[in-house]
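Each remark here refers to the structure printed beneath this line.
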2 protein chains.
Amino acid sequence: MVTMTRSKLAKECGVNIESLRYYEKRRLIDPPKRSEVGYRLYSKEDAARIRFIQNAKKLGFTLNEILQLLKLRVKKNESCESVLAKTQTKLDEVDQKIKGLNSMKKVLKQMIHQCQEATLTGDCPILCSFESGREL
Amino acid sequence: MVTMTRSKLAKECGVNIESLRYYEKRRLIDPPKRSEVGYRLYSKEDAARIRFIQNAKKLGFTLNEILQLLKLRVKKNESCESVLAKTQTKLDEVDQKIKGLNSMKKVLKQMIHQCQEATLTGDCPILCSFESGREL
DNA sequence: CTTGACCCTGTACTGTGGTACAGGGTGTAG
DNA sequence: CTACACCCTGTACCACAGTACAGGGTCAAG
């Protein structure tokens with residue numbers, strides 16, 4: 001199996017080399033195999049997992065939430081119903097985030113629209129109700 | 001004008017009372033008016049802004065990013081083009097987040113689908129390619 | 001056979017976003 | 001007029017997510 005060292009994985013995934021050790025400590029990645037002298041040897045699957053973690057982080061999930069997401073497929077002895085329920089819960093959370101972002105998008109688009117209209121008349125009345133409460 | 005004290009605003013918005021002072025320090029809210037003896041007096045607009053901050057935080061924006069969002073409508077002497085460009089940038093960021101979340105959603109739905117199919121056959125092979133890299 | 005680039009562990013430090021507390025003032029209900 | 005709940009400031013502390021560094025081992029090139 002193809003393996004790579006710490007620095008190679010870090011470079012490939014664009015993360016700090018120390019973060020890998022941190023993720024290992026936080027149990028987000030399994031302890032990797034070691035070479036004879038104790039060097040960590042990462043697989044392609046580890047790289048994919050690191051990239052997943054990066055992506056999920058960008059989407060506003062905490063490391064604990066990401067751990068939950070990753071666990072969804074790990075515990076094989078768990079009942080299917082339980083996994084199903086947890087996955088559904090995560091799906092609902094994701095849906096809520098999407099809804100919130102769509103509201104944000106609407107407001108931003110409105111602002112752009114207002115600003116463009118205003119340019120024609122030489123005025124720029126951005127008094128948009130950004131924080132109106134019902135918008136988000 | 002209707003005003004309220006620290007504790008009232010905190011209760012109304014469901015935030016810790018000290019967070020209000022923190023947001024003031026971070027310039028996310030304007031320093032509120034003060035009573036004769038120096039008590040902070042918040043307006044309904046402050047409450048709306050706090051709620052906006054809470055919402056944006058849930059969507060994965062940092063306080064600095066939220067500050068940028070709020071600034072979009074504040075500086076009136078700024079050129080319209082500049083505001084337009086910044087707003088567009090934010091809009092693109094929001095779109096990227098929505099895309100990422102939709103990918104996440106797809107994978108979760110797929111998992112649910114697989115799990116439901118498997119239930120019929122008594123097996124639950126959740127070996128989904130959650131971290132495959134191309135999924136997100 | 002040494003020099004430089006990597007690896008190991010443990011521990012300390014950083015920035016973000018709060019949260020708590022000390023020491024003091026205010027304001028109102030009984 | 002005294003409790004009690006609230007307000008003020010400043011400062012200390014916290015968890016999270018890293019990031020850096022010290023002190024030491026490994027290994028390949030020249």
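Chain lettering (A, B, ...) mirrors the order of the structure tokens, residue numbering begins at 1 for each chain separately, and ligand numbering begins at 1 in order of display.
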Can you work out which residues from chain B touch chain D at a cut-off of 12 Å (counting only C-alpha atoms (C1' of nucleotides)) and hand them back as an mmCIF file with N, CA and C atoms, in the first residue's frame?
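Saved the output as part.cif:
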data_model
loop_
_atom_site.group_PDB
_atom_site.id
_atom_site.type_symbol
_atom_site.label_atom_id
_atom_site.label_comp_id
_atom_site.auth_asym_id
_atom_site.auth_seq_id
_atom_site.Cartn_x
_atom_site.Cartn_y
_atom_site.Cartn_z
ATOM 1 N N THR B 5 -32.310 47.842 29.264
ATOM 2 C CA THR B 5 -31.003 47.671 29.905
ATOM 3 C C THR B 5 -30.335 46.401 29.383
ATOM 4 N N ARG B 6 -29.112 46.262 29.834
ATOM 5 C CA ARG B 6 -28.267 45.131 29.475
ATOM 6 C C ARG B 6 -28.983 43.792 29.644
ATOM 7 N N SER B 7 -29.477 43.560 30.834
ATOM 8 C CA SER B 7 -30.045 42.239 31.145
ATOM 9 C C SER B 7 -31.289 41.962 30.300
ATOM 10 N N LYS B 8 -32.060 43.011 30.053
ATOM 11 C CA LYS B 8 -33.278 42.832 29.256
ATOM 12 C C LYS B 8 -32.915 42.425 27.830
ATOM 13 N N ILE B 17 -25.068 38.079 29.118
ATOM 14 C CA ILE B 17 -25.012 39.517 29.380
ATOM 15 C C ILE B 17 -23.633 40.109 29.089
ATOM 16 N N ARG B 21 -21.137 43.331 26.124
ATOM 17 C CA ARG B 21 -19.985 44.205 26.337
ATOM 18 C C ARG B 21 -18.861 43.803 25.390
ATOM 19 N N ARG B 34 -26.248 56.224 27.141
ATOM 20 C CA ARG B 34 -26.168 55.919 28.565
ATOM 21 C C ARG B 34 -27.197 56.724 29.340
ATOM 22 N N SER B 35 -27.667 56.137 30.429
ATOM 23 C CA SER B 35 -28.538 56.893 31.332
ATOM 24 C C SER B 35 -27.676 57.886 32.105
ATOM 25 N N GLU B 36 -28.336 58.729 32.924
ATOM 26 C CA GLU B 36 -27.596 59.746 33.667
ATOM 27 C C GLU B 36 -26.478 59.159 34.526
ATOM 28 N N VAL B 37 -26.744 58.008 35.116
ATOM 29 C CA VAL B 37 -25.732 57.395 35.977
ATOM 30 C C VAL B 37 -24.800 56.450 35.221
ATOM 31 N N GLY B 38 -24.991 56.380 33.896
ATOM 32 C CA GLY B 38 -24.042 55.591 33.115
ATOM 33 C C GLY B 38 -24.509 54.208 32.703
ATOM 34 N N TYR B 39 -25.768 53.902 32.938
ATOM 35 C CA TYR B 39 -26.299 52.603 32.516
ATOM 36 C C TYR B 39 -26.463 52.575 31.000
ATOM 37 N N ARG B 40 -26.111 51.449 30.378
ATOM 38 C CA ARG B 40 -26.309 51.308 28.935
ATOM 39 C C ARG B 40 -27.802 51.225 28.618
ATOM 40 N N LEU B 41 -28.209 51.952 27.575
ATOM 41 C CA LEU B 41 -29.610 51.914 27.135
ATOM 42 C C LEU B 41 -29.661 51.475 25.686
#
request  = List every residue of stretch 7-118 of chain B that DSSP, applied to the backbone of this structure, assigns to alpha helix (DSSP H), and report them as a PyMOL selection string.
outcome  = chain B and resi 7-13+17-25+44-58+63-71+80-118
task = Name all residues at most 7 Å from stretch 26-30 of chain B (count only C-alpha atoms (C1' of nucleotides); drop same-chain ones fewer than 3 positions away) and give them as a count of residues only.
result = 3
request  = Have a look at atom CA of B:Asp46 and atom C1' of C:DT16 and let me know their distance in Å, one decimal.
outcome  =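 If I compute the distance from atom CA of B:Asp46 to atom C1' of C:DT16, I get 22.8 Å.
We find atom CA of A:Leu101 and atom CA of B:Leu59 to be spaced 6.8 Å apart.
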Which chain C residues have any atom within 10 Å of an atom of chain B, and for each, what is the nearest pair of atoms with distance in Å to one decimal, counting only C-alpha atoms (C1' of nucleotides), rows sorted by chain and number, as a tab-separated table?
residue	atom	partner	partner_atom	distance
C:DT16	C1'	B:Thr62	CA	8.7
C:DG17	C1'	B:Leu63	CA	8.3
C:DG18	C1'	B:Ser19	CA	6.5
C:DT19	C1'	B:Glu18	CA	7.1
C:DA20	C1'	B:Glu18	CA	9.2
C:DG25	C1'	B:Val37	CA	9.0
C:DT26	C1'	B:Val37	CA	7.8
Write to file, as a PDB file, in the first residue's frame, the residues of the selection just made, with C-alpha atoms (C1' of nucleotides).
ATOM      1  C1'  DT C  16     -10.985  33.688  19.009  1.00  0.00           C
ATOM      2  C1'  DG C  17     -15.068  34.104  21.389  1.00  0.00           C
ATOM      3  C1'  DG C  18     -16.677  34.393  25.153  1.00  0.00           C
ATOM      4  C1'  DT C  19     -17.664  33.933  30.654  1.00  0.00           C
ATOM      5  C1'  DA C  20     -16.832  34.935  35.542  1.00  0.00           C
ATOM      6  C1'  DG C  25     -22.341  52.306  42.588  1.00  0.00           C
ATOM      7  C1'  DT C  26     -27.772  52.640  41.824  1.00  0.00           C
TER       8       DT C  26
END
